[in-house]
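A.B. asks: Input structure: run18.cif, which contains mmCIF, C-alpha atoms and all ligand atoms.
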data_entry
#
loop_
_atom_site.label_atom_id
_atom_site.label_comp_id
_atom_site.auth_asym_id
_atom_site.auth_seq_id
_atom_site.Cartn_x
_atom_site.Cartn_y
_atom_site.Cartn_z
CA MET U 1441 118.09 93.05 75.52
CA THR U 1442 117.28 95.65 78.19
CA THR U 1443 119.06 95.02 81.51
CA PRO U 1444 119.34 97.06 84.74
CA PHE U 1445 122.56 98.46 83.20
CA THR U 1446 121.09 99.67 79.91
CA TYR U 1447 119.81 103.01 81.23
CA GLN U 1448 121.25 105.65 83.56
CA PHE U 1449 118.21 106.36 85.73
CA GLY U 1450 120.65 107.16 88.50
CA TYR U 1451 118.98 105.75 91.59
CA SER U 1452 121.65 105.88 94.29
CA TRP U 1453 123.80 102.84 94.96
CA PRO U 1454 122.21 102.11 98.38
CA VAL U 1455 118.72 102.25 96.79
CA ALA U 1456 119.55 100.17 93.71
CA TRP U 1457 122.34 97.88 94.91
CA GLY U 1458 122.37 98.13 98.71
CA HIS U 1459 121.10 94.53 99.07
CA LEU U 1460 124.48 93.35 97.81
CA VAL U 1461 126.04 94.26 101.17
CA PRO U 1462 123.96 91.86 103.34
CA PHE U 1463 124.05 89.29 100.51
CA VAL U 1464 127.85 89.17 100.46
CA LEU U 1465 128.17 89.57 104.23
CA PHE U 1466 125.68 86.91 105.32
CA GLY U 1467 126.39 84.61 102.38
CA GLY U 1468 130.08 84.77 103.32
CA LEU U 1469 129.28 84.11 106.98
CA ALA U 1470 127.15 81.10 106.05
CA VAL U 1471 129.94 79.60 103.93
CA LEU U 1472 132.49 80.31 106.66
CA GLY U 1473 130.15 78.80 109.26
CA ILE U 1474 129.80 75.58 107.27
CA ARG U 1475 133.57 75.28 106.81
CA ARG U 1476 134.31 75.98 110.47
CA GLY U 1477 131.47 73.88 111.84
CA TRP U 1478 129.57 76.75 113.53
CA ARG U 1479 126.27 76.08 115.29
CA ARG U 1480 123.47 75.12 112.91
CA TRP U 1481 121.15 77.98 113.91
CA LEU U 1482 123.90 80.53 113.18
CA VAL U 1483 124.57 79.11 109.72
CA SER U 1484 120.83 78.85 108.97
CA ALA U 1485 120.20 82.45 110.08
CA SER U 1486 123.07 83.65 107.87
CA TRP U 1487 121.67 81.75 104.87
CA LEU U 1488 118.22 83.15 105.52
CA LEU U 1489 119.50 86.73 105.57
CA ALA U 1490 121.57 86.14 102.41
CA VAL U 1491 118.51 84.71 100.63
CA TRP U 1492 116.41 87.68 101.81
CA ALA U 1493 119.02 90.09 100.42
CA ALA U 1494 119.08 88.28 97.05
CA ALA U 1495 115.27 88.36 96.92
CA GLY U 1496 115.30 92.08 97.78
CA LEU U 1497 117.74 92.79 94.96
CA LEU U 1498 115.64 90.87 92.42
CA ILE U 1499 112.40 92.54 93.57
CA THR U 1500 114.00 96.00 93.41
CA HIS U 1501 115.25 95.49 89.86
CA PHE U 1502 112.70 93.24 88.19
CA MET U 1503 109.46 94.03 90.03
CA PHE U 1504 109.97 97.67 91.06
CA ARG U 1505 112.12 98.16 87.92
CA ILE U 1506 114.27 100.78 89.61
CA ASN U 1507 116.71 100.93 86.66
CA LEU U 1508 114.28 100.01 83.91
CA PRO U 1509 111.60 101.95 82.00
CA GLN U 1510 108.25 101.84 83.80
CA PRO U 1511 105.59 99.88 81.91
CA LEU U 1512 102.15 101.49 81.63
CA ALA U 1513 100.01 100.57 84.63
CA THR U 1514 96.98 100.26 82.38
CA GLU U 1515 96.51 99.77 78.65
CA GLN U 1516 93.58 102.21 78.86
CA PHE U 1517 95.92 105.21 79.06
CA LEU U 1518 95.93 106.99 75.69
CA ALA U 1519 94.71 103.83 74.01
CA SER U 1520 94.31 105.92 70.83
CA GLY U 1521 98.13 105.80 70.72
CA SER U 1522 98.67 109.49 70.03
CA GLY U 1523 98.57 112.83 71.82
CA ARG U 1524 100.58 115.17 74.01
CA VAL U 1525 101.40 114.09 77.55
CA VAL U 1526 103.09 115.72 80.52
CA ASP U 1527 104.97 113.56 83.04
CA VAL U 1528 104.82 115.35 86.41
CA GLY U 1529 107.89 114.67 88.60
CA ALA U 1530 109.61 112.86 85.74
CA GLY U 1531 113.03 112.68 87.42
CA SER U 1532 115.51 110.75 85.30
CA GLY U 1533 112.77 109.49 83.01
CA ARG U 1534 111.71 105.95 83.95
CA ALA U 1535 108.03 106.71 83.33
CA THR U 1536 108.66 109.09 80.42
CA VAL U 1537 110.73 106.50 78.56
CA GLY U 1538 108.32 103.68 79.42
CA LEU U 1539 105.39 105.69 78.08
CA LEU U 1540 107.20 106.75 74.90
CA LEU U 1541 108.13 103.13 74.20
CA ALA U 1542 104.58 101.93 74.87
CA ARG U 1543 102.93 104.64 72.75
CA PRO U 1544 105.09 105.26 69.63
CA ARG U 1545 103.01 108.21 68.37
CA ILE U 1546 102.79 110.39 71.48
CA THR U 1547 105.05 113.21 72.63
CA VAL U 1548 105.98 113.77 76.29
CA THR U 1549 106.94 116.90 78.19
CA ALA U 1550 108.87 115.70 81.24
CA LEU U 1551 108.43 118.18 84.07
CA ASP U 1552 110.45 118.13 87.29
CA ILE U 1553 111.58 120.59 89.91
CA TYR U 1554 115.11 119.07 89.75
CA ASP U 1555 115.86 120.32 93.23
CA GLY U 1556 116.43 118.29 96.39
CA TYR U 1557 117.22 114.60 96.78
CA TYR U 1558 114.60 111.96 95.94
CA GLY U 1559 116.82 108.89 95.64
CA ILE U 1560 118.31 109.88 92.27
CA ASP U 1561 121.93 111.06 91.98
CA ASP U 1562 122.54 113.93 89.59
CA ASN U 1563 118.82 114.28 88.82
CA THR U 1564 118.84 116.63 85.83
CA PRO U 1565 116.96 117.24 82.56
CA GLU U 1566 120.16 116.16 80.77
CA ARG U 1567 120.06 112.76 82.47
CA LEU U 1568 116.42 112.32 81.43
CA MET U 1569 117.18 113.25 77.82
CA GLU U 1570 120.17 110.87 77.78
CA ASN U 1571 117.83 108.04 78.81
CA ALA U 1572 115.39 109.06 76.09
CA ARG U 1573 118.29 108.89 73.61
CA ILE U 1574 119.27 105.41 74.83
CA ALA U 1575 115.67 104.31 74.21
CA GLY U 1576 115.67 105.96 70.77
CA VAL U 1577 112.70 108.19 71.67
CA ALA U 1578 114.45 111.53 72.31
CA GLU U 1579 112.84 113.26 69.33
CA ARG U 1580 109.44 112.83 71.04
CA ALA U 1581 110.61 114.00 74.49
CA GLU U 1582 111.40 117.35 76.03
CA ALA U 1583 112.48 118.05 79.61
CA LYS U 1584 111.35 121.12 81.48
CA VAL U 1585 112.14 122.50 84.93
CA GLY U 1586 109.05 123.46 86.92
CA ASP U 1587 106.94 122.88 89.99
CA ALA U 1588 104.08 120.36 90.01
CA ARG U 1589 102.10 122.80 92.16
CA GLN U 1590 102.29 125.54 89.54
CA LEU U 1591 102.76 123.96 86.14
CA PRO U 1592 104.33 126.27 83.55
CA PHE U 1593 101.77 125.30 80.89
CA ALA U 1594 98.63 126.87 79.47
CA SER U 1595 95.28 125.40 80.47
CA GLU U 1596 93.80 122.49 78.49
CA THR U 1597 96.88 121.86 76.35
CA TYR U 1598 97.59 118.17 77.03
CA ASP U 1599 95.73 114.98 76.14
CA GLY U 1600 97.10 113.20 79.18
CA VAL U 1601 99.13 113.52 82.36
CA ILE U 1602 101.16 110.83 84.09
CA SER U 1603 102.97 110.94 87.39
CA VAL U 1604 104.93 108.13 89.03
CA ALA U 1605 106.14 108.22 92.65
CA ALA U 1606 106.23 112.01 92.64
CA ILE U 1607 102.96 113.71 93.67
CA ASP U 1608 102.81 111.49 96.77
CA HIS U 1609 106.31 112.77 97.67
CA LEU U 1610 105.06 116.36 97.95
CA PRO U 1611 104.38 117.96 101.32
CA ARG U 1612 100.74 117.19 102.18
CA ALA U 1613 99.45 120.69 101.35
CA GLY U 1614 101.01 120.45 97.90
CA ILE U 1615 99.11 117.33 96.83
CA PRO U 1616 95.69 118.94 96.10
CA LYS U 1617 97.51 121.78 94.33
CA ALA U 1618 99.39 119.35 92.06
CA LEU U 1619 96.20 117.40 91.29
CA ALA U 1620 94.37 120.65 90.50
CA GLU U 1621 97.22 121.65 88.19
CA ALA U 1622 97.05 118.29 86.41
CA ALA U 1623 93.32 118.90 85.92
CA ARG U 1624 93.95 122.42 84.65
CA VAL U 1625 96.49 121.52 81.95
CA VAL U 1626 94.65 118.49 80.59
CA LYS U 1627 91.91 118.94 77.98
CA PRO U 1628 88.27 118.18 78.87
CA GLY U 1629 87.92 114.40 78.65
CA GLY U 1630 91.72 114.11 78.95
CA GLU U 1631 93.37 111.34 80.95
CA PHE U 1632 95.43 111.19 84.11
CA LEU U 1633 97.43 108.14 85.19
CA LEU U 1634 98.64 108.66 88.74
CA THR U 1635 100.96 106.10 90.36
CA ILE U 1636 101.97 106.33 94.00
CA VAL U 1637 104.19 104.29 96.29
CA ASN U 1638 102.33 101.54 98.13
CA ALA U 1639 103.73 99.94 101.28
CA ASP U 1640 102.59 96.47 100.16
CA ALA U 1641 104.03 93.05 100.97
CA TRP U 1642 106.63 93.36 98.16
CA ALA U 1643 107.85 96.68 99.55
CA TRP U 1644 108.03 95.27 103.07
CA LEU U 1645 109.90 92.19 101.84
CA ALA U 1646 112.41 94.12 99.73
CA SER U 1647 112.99 97.21 101.83
CA PRO U 1648 111.55 97.04 105.36
CA HIS U 1649 114.10 99.66 106.44
CA ALA U 1650 113.02 102.13 103.71
CA ILE U 1651 109.27 101.52 103.80
CA ALA U 1652 108.94 101.64 107.60
CA HIS U 1653 107.96 105.33 107.54
CA HIS U 1654 105.40 104.80 104.74
CA ARG U 1655 101.84 103.97 105.68
CA PRO U 1656 99.79 102.23 102.96
CA PRO U 1657 98.06 105.00 101.02
CA ASP U 1658 94.43 105.59 101.87
CA ARG U 1659 92.80 104.69 98.55
CA ALA U 1660 89.50 106.39 99.34
CA GLN U 1661 91.32 109.59 100.25
CA TRP U 1662 93.26 109.64 96.95
CA ARG U 1663 90.09 108.84 95.00
CA GLY U 1664 88.35 111.71 96.80
CA LEU U 1665 91.20 114.12 96.04
CA LEU U 1666 91.10 113.17 92.35
CA GLN U 1667 87.33 113.63 92.21
CA ALA U 1668 87.56 116.98 94.00
CA SER U 1669 90.08 118.08 91.34
CA GLY U 1670 87.63 117.36 88.52
CA PHE U 1671 88.60 113.80 87.56
CA GLU U 1672 86.47 110.69 87.38
CA VAL U 1673 88.41 107.60 88.45
CA VAL U 1674 87.66 104.87 85.91
CA GLU U 1675 90.21 102.25 86.96
CA GLU U 1676 92.46 101.68 89.93
CA GLY U 1677 94.80 98.87 90.79
CA THR U 1678 98.14 97.79 92.09
CA MET U 1679 101.56 96.93 90.76
CA PRO U 1680 104.40 95.66 92.98
CA GLY U 1681 105.09 98.47 95.45
CA ALA U 1682 102.65 100.83 93.76
CA LEU U 1683 99.03 101.87 93.53
CA TYR U 1684 97.61 103.51 90.41
CA PHE U 1685 94.52 105.53 89.52
CA PHE U 1686 93.45 106.02 85.92
CA SER U 1687 91.01 108.88 85.60
CA ARG U 1688 89.40 111.18 83.06
CA LYS U 1689 88.73 114.88 83.40
CA HIS U 1690 85.06 115.72 83.29
CA PRO U 1691 84.19 117.04 79.79
C1 LIG U 1701 111.09 109.35 93.57
S1 LIG U 1701 111.39 110.47 92.25
C2 LIG U 1701 110.45 109.70 90.95
C3 LIG U 1701 110.98 110.08 89.60
C4 LIG U 1701 110.35 109.32 88.43
N1 LIG U 1701 108.94 109.66 88.27
C5 LIG U 1701 110.53 107.83 88.60
O1 LIG U 1701 109.52 107.12 88.75
O2 LIG U 1701 111.67 107.37 88.56
C6 LIG U 1701 110.37 111.87 92.67
C7 LIG U 1701 110.56 113.02 91.70
O3 LIG U 1701 109.63 114.06 92.03
C8 LIG U 1701 110.29 115.29 91.80
N2 LIG U 1701 109.61 116.37 92.55
C9 LIG U 1701 109.55 116.54 93.88
N3 LIG U 1701 108.87 117.66 94.19
C10 LIG U 1701 108.47 118.20 93.00
C11 LIG U 1701 107.72 119.37 92.65
N4 LIG U 1701 107.24 120.20 93.58
N5 LIG U 1701 107.49 119.61 91.35
C12 LIG U 1701 107.98 118.77 90.39
N6 LIG U 1701 108.69 117.66 90.67
C13 LIG U 1701 108.94 117.37 91.96
C14 LIG U 1701 111.70 115.04 92.30
O4 LIG U 1701 112.63 115.99 91.82
C15 LIG U 1701 111.96 113.63 91.77
O5 LIG U 1701 112.54 113.63 90.50
#
Show how you would write the structure in this file as structure tokens.

C.D. replies:
Amino acid sequence: MTTPFTYQFGYSWPVAWGHLVPFVLFGGLAVLGIRRGWRRWLVSASWLLAVWAAAGLLITHFMFRINLPQPLATEQFLASGSGRVVDVGAGSGRATVGLLLARPRITVTALDIYDGYYGIDDNTPERLMENARIAGVAERAEAKVGDARQLPFASETYDGVISVAAIDHLPRAGIPKALAEAARVVKPGGEFLLTIVNADAWAWLASPHAIAHHRPPDRAQWRGLLQASGFEVVEEGTMPGALYFFSRKHP
């Protein structure tokens, strides 16, 4: 059975487990308040905060799947079941591993700049490959250091590109460059599954402190950027805390 402890995706303790602090603190206060006969509103408020923290922890792990392989946002992506894919901004491999498990005949090149902090401790190609080994898919994965804005690959070499919570983390000017690079490396008719963070109700419920600086993505703007890069968006939708666009490169 896969649990939040099976893999080593390495999201920092405050990101993955930070809700435990208010859960223990306010849960403890609520219990203490009951024993000592504190005012009802104080005990109720403590319970409420403890319940919120527990909900946040469950959402983070079982809906956002912070320490679990990412399931495919759409079954349409490489429905043929085979091909070569590049994962742009692969990090410690949540999306790479999820894709390799979902499509047992594909190979994935996991590309990341592996520089700077994006919520993952010790974010390295070695960590990604270790996760691929845990999943039993390492022979179909390779990790490469590179920049999404200048992919170190020849044009039209991949059948598909995926990217999860990475291209939307680039400085604004870098986003069209990364989308253009995705279009360049994918074959005509090739597929692109782009997933970005969405400040939806789940994100607000689980992490109001973290999501406060995120505005909900402007769907039309992302669709326009994809089209301007040479993709046709054929499906778009949401997952908890995320928005995805499935598109095909014009033949
Ligand atoms: C929030 S993490 C997401 C990692 C992974 N896709 C996941 O869902 O767990 C964002 C990733 O984007 C990578 N990244 C940021 N800027 C990049 C760039 N210019 N080129 C390639 N990767 C980049 C970071 O190193 C980090 O691993």

A.B. asks: Counting all atoms listed in the file, which residue out of U:Ile1553, U:Val1673, U:Ala1594, U:Ala1639 sits closest to U:Ile1651?

C.D. replies: U:Ala1639

A.B. asks: Report as a tab-separated table: every residue of chain U with an atom at most 6 Å from ligand LIG 1701 (chain U), its closest pair of atoms, and their distance in Å to one decimal, counting all atoms listed in the file, with rows sorted by chain and ascending residue number.

C.D. replies:
residue	atom	partner	partner_atom	distance
U:Gly1529	CA	U:LIG1701	N6	3.7
U:Ala1530	CA	U:LIG1701	N1	4.1
U:Gly1531	CA	U:LIG1701	O5	3.3
U:Gly1533	CA	U:LIG1701	C4	5.9
U:Arg1534	CA	U:LIG1701	O2	4.8
U:Ala1535	CA	U:LIG1701	O1	5.6
U:Asp1552	CA	U:LIG1701	N6	3.8
U:Ile1553	CA	U:LIG1701	C12	4.1
U:Tyr1554	CA	U:LIG1701	O4	4.5
U:Asp1555	CA	U:LIG1701	O4	5.6
U:Tyr1558	CA	U:LIG1701	C1	5.0
U:Gly1586	CA	U:LIG1701	C12	5.9
U:Asp1587	CA	U:LIG1701	N5	3.6
U:Ala1588	CA	U:LIG1701	N5	3.7
U:Arg1589	CA	U:LIG1701	N4	5.9
U:Val1604	CA	U:LIG1701	N1	4.4
U:Ala1605	CA	U:LIG1701	C2	4.9
U:Ala1606	CA	U:LIG1701	O3	4.0
U:Leu1610	CA	U:LIG1701	N3	5.5

A.B. asks: Once you have the residues from the selection above, write them out as a JSON list (two decimals), in the coordinates of the input, restricted to C-alpha atoms.

C.D. replies:
[["chain", "number", "residue", "atom", "x", "y", "z"],
["U", 1529, "GLY", "CA", 107.89, 114.67, 88.60],
["U", 1530, "ALA", "CA", 109.61, 112.86, 85.74],
["U", 1531, "GLY", "CA", 113.03, 112.68, 87.42],
["U", 1533, "GLY", "CA", 112.77, 109.49, 83.01],
["U", 1534, "ARG", "CA", 111.71, 105.95, 83.95],
["U", 1535, "ALA", "CA", 108.03, 106.71, 83.33],
["U", 1552, "ASP", "CA", 110.45, 118.13, 87.29],
["U", 1553, "ILE", "CA", 111.58, 120.59, 89.91],
["U", 1554, "TYR", "CA", 115.11, 119.07, 89.75],
["U", 1555, "ASP", "CA", 115.86, 120.32, 93.23],
["U", 1558, "TYR", "CA", 114.60, 111.96, 95.94],
["U", 1586, "GLY", "CA", 109.05, 123.46, 86.92],
["U", 1587, "ASP", "CA", 106.94, 122.88, 89.99],
["U", 1588, "ALA", "CA", 104.08, 120.36, 90.01],
["U", 1589, "ARG", "CA", 102.10, 122.80, 92.16],
["U", 1604, "VAL", "CA", 104.93, 108.13, 89.03],
["U", 1605, "ALA", "CA", 106.14, 108.22, 92.65],
["U", 1606, "ALA", "CA", 106.23, 112.01, 92.64],
["U", 1610, "LEU", "CA", 105.06, 116.36, 97.95]]

A.B. asks: Please identify all polymer residues within 7 Å of stretch 1476-1490 of chain U, counting all atoms listed in the file, omitting same-chain residues fewer than 6 positions from it, and present them as a ChimeraX atom specification.

C.D. replies: /U:1462-1463,1466-1467,1469-1470

A.B. asks: What is the atom CA of U:Pro1511 to atom CA of U:Asn1571 distance in Å?

C.D. replies: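 Distance reported for this atom pair: 15.0 Å.
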
A.B. asks: Pick from U:Gly1629, U:Gly1468, U:Pro1565, U:Pro1454: nearest to U:Leu1518, with all atoms listed in the file counted?

C.D. replies: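 Closest residue, counting all atoms listed in the file: U:Gly1629.
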
A.B. asks: Using only C-alpha atoms, find the one residue out of U:Leu1665, U:Leu1539, U:Ala1495, U:Ala1550 that sits nearest to U:Gly1614.

C.D. replies: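 The answer is U:Leu1665, which sits nearest to U:Gly1614.
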
A.B. asks: So how many Å separate atom CA of U:Ile1499 and atom CA of U:Ala1646, to one decimal?

C.D. replies: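 It comes out at 6.4 Å.
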
A.B. asks: Counting all atoms listed in the file, what is within 7 Å of stretch 1675-1682 of chain U, bar same-chain residues fewer than 3 positions away, as a ChimeraX atom specification?

C.D. replies: /U:1503-1504,1635-1640,1642-1643,1685-1687

A.B. asks: Suppose you want the space between atom CA of U:Arg1624 and atom CA of U:Gly1670; what is it in Å?

C.D. replies: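 Distance reported for this atom pair: 9.0 Å.
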
A.B. asks: Between U:Trp1453, U:Phe1593, U:Phe1671, U:Trp1662, which residue has the minimum interatomic distance to U:Ala1623, considering all atoms listed in the file?

C.D. replies: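 The answer is U:Phe1671, which sits nearest to U:Ala1623.
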
A.B. asks: Using all atoms listed in the file, determine which residues lie at most 10 Å from U:Glu1579, disregarding the query and same-chain residues fewer than 4 positions distant; provide the list as a PDB file with C-alpha atoms, in the coordinates of the input.

C.D. replies:
ATOM      1  CA  THR U1547     105.050 113.210  72.630  1.00  0.00           C
ATOM      2  CA  VAL U1548     105.980 113.770  76.290  1.00  0.00           C
ATOM      3  CA  MET U1569     117.180 113.250  77.820  1.00  0.00           C
ATOM      4  CA  ALA U1572     115.390 109.060  76.090  1.00  0.00           C
ATOM      5  CA  ARG U1573     118.290 108.890  73.610  1.00  0.00           C
TER       6      ARG U1573
END
